[in-house]
file run_13.tsv (TSV, C-alpha atoms and all ligand atoms)
chain	number	residue	atom	x	y	z
A	8	MET	CA	-5.78	1.12	-0.13
A	9	SER	CA	-6.54	-2.54	0.01
A	10	ASP	CA	-10.28	-2.48	0.04
A	11	LYS	CA	-10.33	-5.25	-2.46
A	12	SER	CA	-12.53	-8.09	-3.43
A	13	PRO	CA	-11.15	-11.55	-3.00
A	14	ARG	CA	-9.52	-12.62	-6.19
A	15	GLN	CA	-11.56	-15.29	-7.84
A	16	GLY	CA	-9.90	-18.47	-8.79
A	17	MET	CA	-6.82	-18.53	-6.68
A	18	THR	CA	-8.41	-19.28	-3.39
A	19	LYS	CA	-11.66	-20.99	-4.01
A	20	LYS	CA	-11.67	-22.74	-0.68
A	21	SER	CA	-10.68	-20.02	1.69
A	22	GLY	CA	-11.77	-16.96	-0.24
A	23	LYS	CA	-8.55	-15.29	0.82
A	24	SER	CA	-6.26	-13.37	-1.42
A	25	LEU	CA	-2.68	-14.45	-1.79
A	26	LYS	CA	-1.68	-11.28	-0.02
A	27	GLU	CA	-3.71	-12.35	2.96
A	28	LYS	CA	-2.11	-15.72	2.68
A	29	ARG	CA	1.27	-14.13	2.86
A	30	VAL	CA	0.33	-12.46	6.10
A	31	ALA	CA	-0.95	-15.72	7.43
A	32	LYS	CA	2.15	-17.44	6.24
A	33	ASN	CA	4.26	-15.02	8.16
A	34	ALA	CA	2.39	-15.79	11.33
A	35	LYS	CA	4.37	-18.43	13.12
A	36	SER	CA	1.55	-20.76	13.94
A	37	ALA	CA	0.09	-20.79	10.47
A	38	ALA	CA	3.29	-20.89	8.50
A	39	LYS	CA	3.43	-24.50	7.45
A	40	ASP	CA	-0.29	-25.00	6.81
A	41	SER	CA	-0.55	-21.90	4.72
A	42	ALA	CA	2.43	-22.74	2.57
A	43	ALA	CA	1.12	-26.21	1.96
A	44	GLN	CA	-2.26	-24.85	0.96
A	45	VAL	CA	-0.74	-22.39	-1.46
A	46	ARG	CA	1.25	-25.19	-3.02
A	47	THR	CA	-1.83	-27.33	-3.44
A	48	GLU	CA	-3.79	-24.53	-5.01
A	49	ILE	CA	-0.99	-23.53	-7.30
A	50	GLN	CA	-0.61	-27.11	-8.37
A	51	GLU	CA	-4.32	-27.43	-9.12
A	52	HIS	CA	-4.38	-24.25	-11.16
A	53	TYR	CA	-1.20	-25.16	-12.88
A	54	GLU	CA	-2.47	-28.51	-13.98
A	55	SER	CA	-5.60	-27.05	-15.49
A	56	ALA	CA	-3.53	-24.35	-17.19
A	57	ARG	CA	-1.21	-26.96	-18.59
A	58	ASP	CA	-4.11	-29.02	-19.86
A	59	ALA	CA	-5.53	-25.95	-21.52
A	60	ALA	CA	-2.21	-25.18	-23.11
A	61	GLN	CA	-1.72	-28.65	-24.41
A	62	SER	CA	-5.23	-28.98	-25.76
A	63	GLY	CA	-4.71	-25.58	-27.33
A	64	GLY	CA	-2.43	-26.88	-29.99
A	65	VAL	CA	0.78	-27.97	-28.37
A	66	GLY	CA	1.33	-31.38	-29.82
A	67	ALA	CA	2.82	-34.34	-28.07
A	68	GLU	CA	5.96	-34.00	-30.09
A	69	GLU	CA	6.50	-30.45	-29.02
A	70	ALA	CA	5.53	-31.16	-25.45
A	71	ASP	CA	8.05	-33.93	-25.52
A	72	ARG	CA	10.78	-31.44	-26.10
A	73	SER	CA	9.47	-28.69	-23.89
A	74	ALA	CA	10.35	-27.73	-20.45
A	75	VAL	CA	7.45	-25.85	-19.07
A	76	VAL	CA	7.63	-23.04	-16.64
A	77	ALA	CA	4.47	-22.10	-14.83
A	78	LEU	CA	4.15	-18.68	-13.42
A	79	GLY	CA	0.96	-17.28	-12.06
A	80	ALA	CA	-0.52	-14.01	-11.10
A	81	ALA	CA	-3.49	-13.01	-9.03
A	82	ALA	CA	-5.65	-15.94	-9.67
A	83	ALA	CA	-4.07	-18.75	-11.57
A	84	PRO	CA	-0.59	-19.59	-12.63
A	85	ALA	CA	-0.06	-19.77	-16.31
A	86	VAL	CA	2.17	-22.07	-18.20
A	87	VAL	CA	4.62	-19.69	-19.65
A	88	GLY	CA	7.80	-19.33	-21.47
A	89	CYS	CA	9.09	-16.58	-23.59
A	90	SER	CA	11.54	-15.62	-26.15
A	91	LYS	CA	14.68	-13.86	-25.09
A	92	ASN	CA	14.29	-10.17	-24.56
A	93	SER	CA	15.05	-8.87	-27.96
A	94	ASP	CA	15.36	-5.24	-26.97
A	95	ALA	CA	18.86	-3.98	-27.09
A	96	ALA	CA	20.03	-3.58	-23.55
A	97	ALA	CA	20.80	-0.17	-22.28
A	98	THR	CA	24.08	-0.39	-20.49
A	99	GLY	CA	25.39	1.71	-17.72
A	100	HIS	CA	29.04	1.46	-18.55
A	101	GLY	CA	29.71	5.15	-18.60
A	102	ASP	CA	27.17	6.22	-21.19
A	103	TRP	CA	23.89	7.84	-20.48
A	104	VAL	CA	20.89	5.57	-20.44
A	105	GLU	CA	18.00	7.49	-21.98
A	106	LEU	CA	14.55	6.76	-20.60
A	107	GLU	CA	11.46	8.55	-21.76
A	108	THR	CA	8.02	8.12	-20.23
A	109	ALA	CA	5.07	8.57	-22.55
A	110	MET	CA	1.62	7.24	-23.26
A	111	LYS	CA	1.51	4.22	-25.52
A	112	GLU	CA	-1.45	3.41	-27.71
A	113	THR	CA	-1.70	-0.25	-28.49
A	114	THR	CA	-3.97	-3.27	-28.53
A	115	LEU	CA	-4.18	-5.69	-25.66
A	116	ASP	CA	-6.21	-8.88	-25.98
A	117	GLY	CA	-8.37	-7.19	-28.61
A	118	HIS	CA	-8.91	-4.02	-26.59
A	119	GLN	CA	-7.70	-0.63	-27.70
A	120	VAL	CA	-5.65	0.57	-24.75
A	121	ARG	CA	-3.70	3.63	-23.70
A	122	LEU	CA	-0.81	2.61	-21.49
A	123	ARG	CA	2.35	4.24	-20.19
A	124	ALA	CA	5.76	3.06	-21.30
A	125	TYR	CA	9.48	3.72	-21.08
A	126	ASN	CA	10.84	4.27	-24.57
A	127	GLY	CA	7.63	2.84	-25.97
A	128	LYS	CA	8.35	-0.58	-24.46
A	129	ILE	CA	6.48	-2.62	-21.87
A	130	PRO	CA	8.42	-3.68	-19.89
A	131	GLY	CA	10.97	-0.91	-20.21
A	132	PRO	CA	14.39	-1.59	-21.74
A	133	LEU	CA	16.85	-3.72	-19.83
A	134	ILE	CA	19.56	-1.72	-18.07
A	135	GLU	CA	22.85	-3.44	-17.32
A	136	ALA	CA	25.72	-2.32	-15.14
A	137	ARG	CA	28.60	-3.73	-13.14
A	138	PRO	CA	29.77	-3.17	-9.56
A	139	GLY	CA	31.86	0.00	-9.44
A	140	ASP	CA	30.11	1.50	-12.46
A	141	THR	CA	28.66	4.94	-12.58
A	142	LEU	CA	25.16	4.42	-13.85
A	143	ARG	CA	23.83	7.53	-15.55
A	144	ILE	CA	20.15	7.67	-16.41
A	145	ARG	CA	18.51	10.62	-18.11
A	146	LEU	CA	14.78	10.56	-17.53
A	147	LYS	CA	12.59	12.57	-19.86
A	148	ASN	CA	8.96	12.85	-18.93
A	149	SER	CA	6.68	13.09	-21.95
A	150	LEU	CA	3.47	12.18	-20.19
A	151	PRO	CA	0.61	14.52	-21.09
A	152	PRO	CA	-0.47	17.24	-18.63
A	153	TYR	CA	-3.05	16.26	-16.05
A	154	ASP	CA	-5.21	18.61	-14.03
A	155	SER	CA	-4.83	18.14	-10.30
A	156	SER	CA	-6.15	21.54	-9.33
A	157	ALA	CA	-8.74	20.11	-6.94
A	158	TRP	CA	-6.20	18.08	-5.02
A	159	THR	CA	-6.36	18.92	-1.33
A	160	GLY	CA	-2.82	18.01	-0.41
A	161	ASP	CA	-3.07	14.48	0.97
A	162	HIS	CA	-0.10	12.84	-0.67
A	163	ASN	CA	-1.78	9.45	-0.61
A	164	VAL	CA	-4.68	10.68	-2.69
A	165	PRO	CA	-3.98	10.18	-6.40
A	166	HIS	CA	-2.77	13.35	-8.03
A	167	GLY	CA	-0.24	14.55	-10.52
A	168	LEU	CA	-0.60	11.58	-12.79
A	169	ASP	CA	1.52	13.46	-15.31
A	170	ALA	CA	4.49	13.74	-12.94
A	171	THR	CA	7.00	11.00	-12.34
A	172	ASN	CA	10.44	10.20	-10.97
A	173	LEU	CA	12.76	7.22	-10.97
A	174	HIS	CA	13.45	4.59	-8.39
A	175	VAL	CA	16.22	2.10	-9.11
A	176	HIS	CA	14.60	-0.44	-6.88
A	177	GLY	CA	16.99	-2.71	-5.03
A	178	LEU	CA	20.26	-1.05	-5.95
A	179	ASP	CA	22.65	-0.25	-3.14
A	180	VAL	CA	22.98	3.44	-3.92
A	181	VAL	CA	22.48	6.81	-2.27
A	182	PRO	CA	18.77	7.46	-1.65
A	183	HIS	CA	17.40	9.35	-4.60
A	184	ILE	CA	13.65	9.55	-4.18
A	185	PHE	CA	13.71	12.69	-2.04
A	186	GLU	CA	15.35	16.04	-2.33
A	187	PRO	CA	18.10	16.90	-1.84
A	188	VAL	CA	19.60	13.64	-3.14
A	189	GLY	CA	21.04	11.64	-0.26
A	190	THR	CA	18.82	13.14	2.38
A	191	SER	CA	17.55	11.02	5.23
A	192	ASP	CA	15.08	13.65	6.36
A	193	PRO	CA	11.71	11.92	6.64
A	194	LEU	CA	9.96	15.17	5.79
A	195	ALA	CA	12.02	15.88	2.68
A	196	PRO	CA	9.98	16.47	-0.48
A	197	GLN	CA	9.97	13.91	-3.24
A	198	ILE	CA	11.76	14.44	-6.50
A	199	VAL	CA	9.13	15.33	-9.06
A	200	VAL	CA	9.79	15.32	-12.79
A	201	GLY	CA	6.88	17.21	-14.31
A	202	PRO	CA	5.51	16.79	-17.82
A	203	GLY	CA	8.03	18.02	-20.35
A	204	GLU	CA	10.87	17.99	-17.82
A	205	THR	CA	14.09	16.01	-17.82
A	206	LYS	CA	16.15	14.88	-14.87
A	207	GLU	CA	19.57	13.30	-14.82
A	208	TYR	CA	20.28	10.63	-12.26
A	209	VAL	CA	23.83	9.53	-11.47
A	210	PHE	CA	24.27	6.39	-9.41
A	211	GLU	CA	27.68	5.37	-8.10
A	212	LEU	CA	27.53	1.63	-7.70
A	213	PRO	CA	29.89	0.47	-4.97
A	214	ALA	CA	32.70	-1.82	-6.06
A	215	ASP	CA	31.28	-4.57	-3.87
A	216	HIS	CA	27.72	-4.17	-5.10
A	217	PRO	CA	26.12	-7.62	-5.19
A	218	PRO	CA	25.35	-8.88	-8.66
A	219	GLY	CA	21.71	-9.62	-9.27
A	220	PHE	CA	18.40	-8.66	-10.71
A	221	ASN	CA	16.72	-5.39	-9.81
A	222	PHE	CA	14.29	-3.01	-11.43
A	223	TYR	CA	13.29	0.56	-12.00
A	224	HIS	CA	9.94	2.22	-11.85
A	225	PRO	CA	8.35	5.56	-10.93
A	226	HIS	CA	7.93	6.20	-7.25
A	227	LYS	CA	6.27	9.54	-6.94
A	228	HIS	CA	3.55	9.47	-4.34
A	229	GLY	CA	0.17	10.10	-5.88
A	230	SER	CA	0.98	8.66	-9.28
A	231	THR	CA	3.01	5.52	-8.57
A	232	SER	CA	0.10	3.12	-8.70
A	233	ALA	CA	-1.40	4.52	-11.88
A	234	GLN	CA	1.97	4.63	-13.62
A	235	VAL	CA	3.30	1.23	-12.55
A	236	GLY	CA	-0.16	-0.24	-13.13
A	237	SER	CA	-0.14	0.88	-16.71
A	238	GLY	CA	3.27	-0.28	-17.81
A	239	LEU	CA	6.09	1.72	-16.24
A	240	ALA	CA	8.63	-0.79	-14.95
A	241	GLY	CA	11.81	-2.26	-16.34
A	242	PRO	CA	14.62	-4.64	-15.36
A	243	ILE	CA	18.14	-3.86	-14.19
A	244	ILE	CA	20.84	-6.50	-14.15
A	245	ILE	CA	24.03	-5.96	-12.19
A	246	ARG	CA	26.59	-8.41	-13.51
A	247	GLY	CA	29.38	-9.49	-11.21
A	248	ALA	CA	31.66	-12.34	-10.30
A	249	ILE	CA	28.95	-14.97	-10.29
A	250	ASP	CA	28.20	-14.18	-13.91
A	251	GLU	CA	31.74	-15.15	-14.82
A	252	VAL	CA	31.37	-18.69	-13.56
A	253	PRO	CA	31.74	-20.59	-16.84
A	254	GLU	CA	28.63	-22.72	-16.45
A	255	ILE	CA	26.54	-19.71	-15.53
A	256	LYS	CA	28.05	-17.56	-18.21
A	257	ALA	CA	27.25	-20.20	-20.79
A	258	ALA	CA	23.60	-20.51	-19.73
A	259	ARG	CA	20.95	-18.92	-21.84
A	260	GLU	CA	19.49	-16.02	-19.91
A	261	ILE	CA	15.84	-15.13	-20.05
A	262	VAL	CA	14.14	-12.27	-18.28
A	263	LEU	CA	10.58	-12.95	-17.16
A	264	ALA	CA	9.00	-9.62	-16.33
A	265	VAL	CA	5.50	-9.82	-14.90
A	266	GLN	CA	3.42	-6.67	-14.76
A	267	ASP	CA	-0.21	-5.92	-14.16
A	268	ILE	CA	-2.26	-3.43	-16.09
A	269	GLY	CA	-5.32	-1.75	-14.55
A	270	LEU	CA	-7.84	-0.35	-16.98
A	271	PHE	CA	-11.04	1.65	-17.01
A	272	PRO	CA	-13.10	2.80	-19.98
A	273	SER	CA	-12.08	6.22	-21.22
A	274	GLU	CA	-14.76	8.82	-20.74
A	275	ASN	CA	-13.46	10.90	-23.61
A	276	ASP	CA	-12.51	8.32	-26.19
A	277	PRO	CA	-15.14	5.64	-26.71
A	278	GLY	CA	-13.69	2.20	-27.00
A	279	VAL	CA	-10.38	3.09	-25.38
A	280	TRP	CA	-9.30	1.57	-22.07
A	281	GLN	CA	-6.85	3.39	-19.84
A	282	TYR	CA	-5.87	4.26	-16.28
A	283	LEU	CA	-6.50	7.95	-16.48
A	284	PRO	CA	-9.57	9.07	-14.60
A	285	VAL	CA	-11.40	12.19	-15.64
A	286	GLN	CA	-9.72	15.18	-14.12
A	287	ASN	CA	-10.43	15.48	-10.44
A	288	ALA	CA	-13.03	12.74	-10.44
A	289	ILE	CA	-10.69	10.69	-8.31
A	290	TRP	CA	-11.11	12.90	-5.29
A	291	GLN	CA	-14.69	11.70	-5.00
A	292	THR	CA	-13.76	8.12	-5.25
A	293	PHE	CA	-10.68	7.57	-3.14
A	294	GLY	CA	-11.42	4.98	-0.51
A	295	GLY	CA	-14.92	4.54	-1.81
A	296	PHE	CA	-16.22	3.71	-5.22
A	297	VAL	CA	-14.98	4.60	-8.64
A	298	THR	CA	-16.95	7.14	-10.60
A	299	ILE	CA	-17.14	6.59	-14.36
A	300	PHE	CA	-19.21	8.72	-16.70
A	301	GLY	CA	-20.32	10.74	-13.69
A	302	LYS	CA	-21.89	7.76	-11.98
A	303	ARG	CA	-20.78	5.75	-9.02
A	304	THR	CA	-19.90	2.20	-9.89
A	305	ASN	CA	-19.46	-0.81	-7.71
A	306	LEU	CA	-15.72	-0.84	-8.28
A	307	ARG	CA	-14.18	-0.40	-4.88
A	308	GLY	CA	-11.07	1.43	-3.85
A	309	GLY	CA	-11.25	4.33	-6.21
A	310	PHE	CA	-8.51	4.99	-8.66
A	311	THR	CA	-5.83	3.61	-6.41
A	312	THR	CA	-4.93	-0.02	-6.06
A	313	GLY	CA	-8.53	-1.01	-5.78
A	314	ASP	CA	-10.70	-2.76	-8.29
A	315	TYR	CA	-10.10	-2.28	-11.96
A	316	ALA	CA	-12.80	-2.67	-14.57
A	317	LEU	CA	-10.32	-4.69	-16.55
A	318	HIS	CA	-7.10	-6.09	-15.15
A	319	TYR	CA	-4.41	-7.79	-17.20
A	320	PHE	CA	-1.33	-9.66	-16.16
A	321	LEU	CA	1.53	-9.52	-18.60
A	322	LEU	CA	4.60	-11.58	-19.11
A	323	ASN	CA	7.15	-9.62	-21.08
A	324	GLY	CA	4.35	-7.46	-22.40
A	325	GLU	CA	2.00	-10.27	-23.40
A	326	PRO	CA	-1.19	-10.90	-21.41
A	327	PHE	CA	-1.56	-14.32	-19.82
A	328	PHE	CA	-4.43	-13.70	-17.43
A	329	LYS	CA	-7.23	-11.21	-17.03
A	330	GLU	CA	-9.81	-10.18	-14.50
A	331	GLU	CA	-13.00	-8.43	-15.43
A	332	HIS	CA	-15.32	-6.52	-13.17
A	333	ASP	CA	-18.83	-5.62	-14.13
A	334	TYR	CA	-19.00	-2.02	-12.98
A	335	THR	CA	-22.69	-1.55	-13.71
A	336	PRO	CA	-24.35	-0.15	-10.58
A	337	GLY	CA	-26.28	-2.83	-8.79
A	338	LYS	CA	-24.48	-5.66	-10.49
A	339	GLU	CA	-22.05	-8.17	-9.11
A	340	THR	CA	-18.53	-6.89	-8.78
A	341	GLU	CA	-16.75	-10.09	-8.02
A	342	PRO	CA	-13.88	-10.29	-10.48
A	343	LYS	CA	-14.13	-12.87	-13.21
A	344	GLY	CA	-10.77	-14.42	-13.98
A	345	THR	CA	-9.86	-15.82	-17.36
A	346	GLN	CA	-6.77	-17.75	-18.32
A	347	LEU	CA	-5.41	-16.48	-21.61
A	348	PRO	CA	-3.22	-18.40	-24.03
A	349	VAL	CA	0.10	-19.11	-22.43
A	350	GLN	CA	3.59	-18.78	-23.74
A	351	ARG	CA	5.81	-21.81	-23.81
A	352	PHE	CA	9.52	-22.06	-23.69
A	353	THR	CA	11.47	-24.93	-25.14
A	354	ILE	CA	14.68	-26.07	-23.53
A	355	ALA	CA	16.90	-28.41	-25.48
A	356	PRO	CA	17.96	-31.64	-23.78
A	357	GLY	CA	20.90	-30.90	-21.54
A	358	GLU	CA	20.53	-27.17	-21.88
A	359	VAL	CA	20.91	-24.89	-18.88
A	360	VAL	CA	18.73	-21.82	-18.80
A	361	ARG	CA	18.92	-18.98	-16.37
A	362	PHE	CA	15.63	-17.25	-15.69
A	363	ARG	CA	15.50	-13.82	-14.12
A	364	MET	CA	12.07	-13.21	-12.71
A	365	LEU	CA	10.68	-9.78	-11.94
A	366	ASN	CA	7.42	-9.16	-10.20
A	367	GLY	CA	6.79	-5.62	-11.38
A	368	ALA	CA	3.07	-5.77	-10.54
A	369	THR	CA	1.39	-3.25	-8.29
A	370	ASP	CA	-0.29	-5.38	-5.73
A	371	ASN	CA	-0.15	-9.08	-6.30
A	372	MET	CA	1.91	-12.01	-5.23
A	373	MET	CA	3.25	-14.12	-8.04
A	374	PRO	CA	3.27	-17.82	-7.40
A	375	ARG	CA	5.72	-19.50	-9.69
A	376	LEU	CA	6.09	-23.13	-10.31
A	377	VAL	CA	8.43	-25.21	-12.33
A	378	ASP	CA	7.10	-28.53	-13.49
A	379	ARG	CA	9.51	-31.38	-13.01
A	380	ASN	CA	7.87	-33.51	-15.63
A	381	ALA	CA	6.46	-31.21	-18.20
A	382	GLY	CA	5.90	-32.90	-21.47
A	383	LEU	CA	6.27	-36.57	-22.10
A	384	GLY	CA	9.95	-37.25	-22.13
A	385	THR	CA	11.59	-34.41	-20.32
A	386	SER	CA	12.56	-34.15	-16.73
A	387	ILE	CA	13.44	-30.85	-15.21
A	388	THR	CA	15.52	-30.19	-12.17
A	389	PRO	CA	14.54	-26.85	-10.78
A	390	LEU	CA	16.54	-25.31	-8.00
A	391	ASN	CA	13.43	-23.58	-6.80
A	392	GLU	CA	10.23	-25.48	-7.10
A	393	ILE	CA	7.47	-23.34	-5.76
A	394	SER	CA	7.81	-20.02	-4.15
A	395	THR	CA	6.16	-16.69	-4.36
A	396	VAL	CA	7.52	-13.41	-5.55
A	397	THR	CA	6.02	-10.35	-3.93
A	398	PRO	CA	5.46	-7.10	-5.78
A	399	GLY	CA	8.63	-5.17	-6.14
A	400	ILE	CA	10.67	-8.26	-5.54
A	401	PHE	CA	12.76	-10.02	-8.06
A	402	ALA	CA	14.14	-13.51	-7.96
A	403	SER	CA	17.65	-12.18	-7.77
A	404	SER	CA	19.28	-13.93	-4.89
A	405	CYS	CA	17.44	-17.11	-5.67
A	406	TRP	CA	18.18	-17.23	-9.33
A	407	THR	CA	16.58	-20.19	-10.88
A	408	GLU	CA	18.47	-22.62	-12.94
A	409	ILE	CA	16.53	-25.12	-14.93
A	410	THR	CA	18.10	-27.94	-16.73
A	411	SER	CA	16.35	-30.50	-18.83
A	412	SER	CA	17.50	-33.92	-19.74
A	413	ARG	CA	16.12	-36.98	-21.43
A	414	TRP	CA	14.97	-39.79	-19.30
A	501	CU	CU	10.67	1.14	-5.78
call {"tool": "encode", "arguments": {"input": "run_13.tsv", "output": "structure tokens"}}
result
Amino acid sequence: MSDKSPRQGMTKKSGKSLKEKRVAKNAKSAAKDSAAQVRTEIQEHYESARDAAQSGGVGAEEADRSAVVALGAAAAPAVVGCSKNSDAAATGHGDWVELETAMKETTLDGHQVRLRAYNGKIPGPLIEARPGDTLRIRLKNSLPPYDSSAWTGDHNVPHGLDATNLHVHGLDVVPHIFEPVGTSDPLAPQIVVGPGETKEYVFELPADHPPGFNFYHPHKHGSTSAQVGSGLAGPIIIRGAIDEVPEIKAAREIVLAVQDIGLFPSENDPGVWQYLPVQNAIWQTFGGFVTIFGKRTNLRGGFTTGDYALHYFLLNGEPFFKEEHDYTPGKETEPKGTQLPVQRFTIAPGEVVRFRMLNGATDNMMPRLVDRNAGLGTSITPLNEISTVTPGIFASSCWTEITSSRW
């Protein structure tokens, strides 16, 4: 599944991916060296991203008042910030949370794209609940039918891209990915919500459930990668005692949801990019090379978590970095990374902001960095300076508080 090219840009010196770095980092002997190297590389990328952002129209006056948060994806961290999630939060206080999966036609960085979304939103709507709540989620699957008739039965081979289910990732609840709900049988079948079907999930949150940041996404084997890698992920906040601490309660809260979007040219709709291979073409490509328009390309890994022709990284739905692969047979397939315009976030002097960071990407570490001295007259005191967030992990326990103050 990880027959991947090294990601250009992030590791010029070693040629290693951040994932490989993580492994190295976990090895006792290499731990310190690796961490230091990651920091250096993040810092280098960050500085160039910041320069690009500032030369891209952020004036000295604005920079003077800005606290800058850098958050990177596969290759380079971006200088980001974002407006508060404006979507009305779906709450779990007794009512049903309605989630509907469907294709979403939109434009991304000038490309016409066909993504997948919960309730038409990428990321999906914020769900909030409290310890002791009963969280009720009704999942309606409106993804279009997909022909998997040639699937041979290997559950790791992509199939059933029209079927989904729901994983409330990180919540301390009864297991709900397999049937019957609550089973611990390793051979139990997965819950599958087919196209046109609806399933109701009821989660009893224990009274001592830890408050924090979690997320939801599909977790049906065979379609997870395609679905998460085209937009299906959303945040869950469990609010508890810590949220009642006056200083924390008063802080402005901002969700930073990072996702990645894998795209290939549609074979049926010219000009459209999507993650929806021609029916049954994937069986020829799994573990090998992607076939597009009936021809083998140099994209490796097939339609799994391998190479994408076009790969975007989003922050709250807006792209901040992209990778492009030339998939022409015989041509270079090394991904070409491009930093896109970054979002900035302004923190008033003395203001306390609480960021909730979600790495909802399929396969990439997310280095994040907070600049102590962004701008010309602002100093920032981050609780967490540089760390990485692995896919499926959220900065919940290490919630980041950033304060800014005048020198
Ligand atoms: Cu999960």
call {"tool": "atom_distance", "arguments": {"input": "run_13.tsv", "atom1": "CA of Pro242 (chain A)", "atom2": "CA of Met364 (chain A)"}}
result
9.3 Å
call {"tool": "closest_residue", "arguments": {"input": "run_13.tsv", "among": "A:Arg123, A:Lys302, A:His176, A:Lys206", "to": "ligand CU 501 (chain A)", "atoms": "all atoms listed in the file"}}
result
A:His176
call {"tool": "atom_distance", "arguments": {"input": "run_13.tsv", "atom1": "CA of Phe362 (chain A)", "atom2": "CA of Asp179 (chain A)"}}
result
22.3 Å
call {"tool": "closest_residue", "arguments": {"input": "run_13.tsv", "among": "A:Pro342, A:Pro218, A:Pro225, A:Pro132", "to": "Gln197 (chain A)", "atoms": "only C-alpha atoms"}}
result
A:Pro225
call {"tool": "closest_atom_pairs", "arguments": {"input": "run_13.tsv", "of": "chain A", "to": "ligand CU 501 (chain A)", "cutoff": "7 Å", "atoms": "all atoms listed in the file", "output": "tab-separated table"}}
result
residue	atom	partner	partner_atom	distance
A:His174	CA	A:CU501	CU	5.1
A:Val175	CA	A:CU501	CU	6.5
A:His176	CA	A:CU501	CU	4.4
A:Tyr223	CA	A:CU501	CU	6.8
A:His224	CA	A:CU501	CU	6.2
A:His226	CA	A:CU501	CU	5.9
A:Gly399	CA	A:CU501	CU	6.6
call {"tool": "closest_residue", "arguments": {"input": "run_13.tsv", "among": "A:Ala355, A:Val360, A:Val104, A:Val297", "to": "Phe210 (chain A)", "atoms": "all atoms listed in the file"}}
result
A:Val104
call {"tool": "closest_residue", "arguments": {"input": "run_13.tsv", "among": "A:Pro193, A:Pro165, A:Pro138, A:Ile184", "to": "Pro217 (chain A)", "atoms": "all atoms listed in the file"}}
result
A:Pro138
call {"tool": "closest_residue", "arguments": {"input": "run_13.tsv", "among": "A:Gly236, A:Gly131, A:Pro356, A:Gly324", "to": "Thr114 (chain A)", "atoms": "all atoms listed in the file"}}
result
A:Gly324
call {"tool": "atom_distance", "arguments": {"input": "run_13.tsv", "atom1": "CA of Ala136 (chain A)", "atom2": "CA of Ile245 (chain A)"}}
result
5.0 Å
call {"tool": "closest_residue", "arguments": {"input": "run_13.tsv", "among": "A:Ser155, A:Thr190, A:Gln281, A:Thr108", "to": "Gly127 (chain A)", "atoms": "only C-alpha atoms"}}
result
A:Thr108
call {"tool": "residues_around", "arguments": {"input": "run_13.tsv", "residues": "Lys111 (chain A)", "least_positions_apart": "5", "cutoff": "10 Å", "atoms": "only C-alpha atoms", "output": "list in words"}}
result
Val120, Arg121, Leu122, Arg123, Ala124, Tyr125, Asn126, Gly127, Lys128, Ile129, Leu150, Ser237 and Gly238 of chain A
call {"tool": "residues_around", "arguments": {"input": "run_13.tsv", "residues": "region 144-148 of chain A", "least_positions_apart": "6", "cutoff": "6 Å", "atoms": "only C-alpha atoms", "output": "PyMOL selection string"}}
result
chain A and resi 103-108+202-208
call {"tool": "axis_aligned_box", "arguments": {"input": "run_13.tsv", "around": "region 175-184 of chain A", "padding_each_side": "8 Å", "output": "AutoDock Vina command-line options"}}
result
--center_x 18.3 --center_y 3.4 --center_z -5.4 --size_x 25.3 --size_y 28.3 --size_z 23.5
call {"tool": "residues_near_point", "arguments": {"input": "run_13.tsv", "point": "(1.3, -7.6, -25.9)", "cutoff": "9 Å", "atoms": "only C-alpha atoms", "output": "PyMOL selection string"}}
result
chain A and resi 113-116+129+321-326
call {"tool": "residues_around", "arguments": {"input": "run_13.tsv", "residues": "Ile243 (chain A)", "least_positions_apart": "4", "cutoff": "7 Å", "atoms": "only C-alpha atoms", "output": "list in words"}}
result
Leu133, Ile134, Glu135, Phe220, Asn221, Phe222 and Tyr223 of chain A
